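Only one structure is covered here, and it is reproduced in the block below.
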Amino acid sequence: MLIIAFDATKRTEITAYRSAFSFLNLFSEWTGIKTEKIFENCHFLSNIVCKNETSMRLWSPKMVDIKDLPSDPG
């Protein structure tokens with residue numbers, strides 16, 4: 001994901017896993033929008049490892065952990 005802002009003064013690369021399921025949390029943190037519907041449970045714009053951010057869905061309702069996926073031979 002790439003975040004572009006007209007007033008950005010530095011580039012920060014986040015290498016910690018982030019799930020698209022938490023996009024609203026990330027967007028809320030970035031824009032400063034607060035609501036009781038979005039729970040602040042992690043600092044998404046950092047390299048802090050957040051709980052439950054390594055799960056993803058692969059063509060089924062079942063969640064899979066990124067660490068359990070086979071290596072990409074590419």
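Identifiers for the structure tokens are assigned positionally: chains receive A, B, ... in sequence, residues are indexed from 1 per chain, and ligands are indexed from 1 in the order shown.
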Which of chain A DSSP labels alpha helix (DSSP H), written as a list in words = Phe23, Leu24, Asn25, Leu26, Phe27, Ser28, Glu29, Trp30 and Thr31 of chain A
Residue contacts of Asn52 (chain A) (10 Å, only C-alpha atoms) excluding same-chain residues fewer than 2 positions away, as a count of residues only | 11
Quote the spacing between CA of Lys10 (chain A) and CA of Lys34 (chain A) in Å to one decimal place.
->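 These atoms are spaced 24.5 Å apart.
For the pair CA of Thr12 (chain A) and CA of Ile48 (chain A), the interatomic distance is 13.1 Å.
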Which is closer to Lys37 (chain A) than all the others in A:Met1, A:Ala8, A:Ile14, A:Leu24, using only C-alpha atoms?
-> A:Leu24
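Those residues in chain A carrying a DSSP assignment of strand (DSSP E or B), computed from the backbone, are Ser55, Met56, Arg57, Met63, Val64 and Asp65 of chain A.
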Spatial neighbours of Ala5 (chain A), 12 Å, only C-alpha atoms, chain gap at least 4 places, as JSON, numbers by chain = {"A": [9, 10, 11, 30, 31]}
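Between CA of Glu29 (chain A) and CA of Ile4 (chain A) there is a distance of 14.5 Å.
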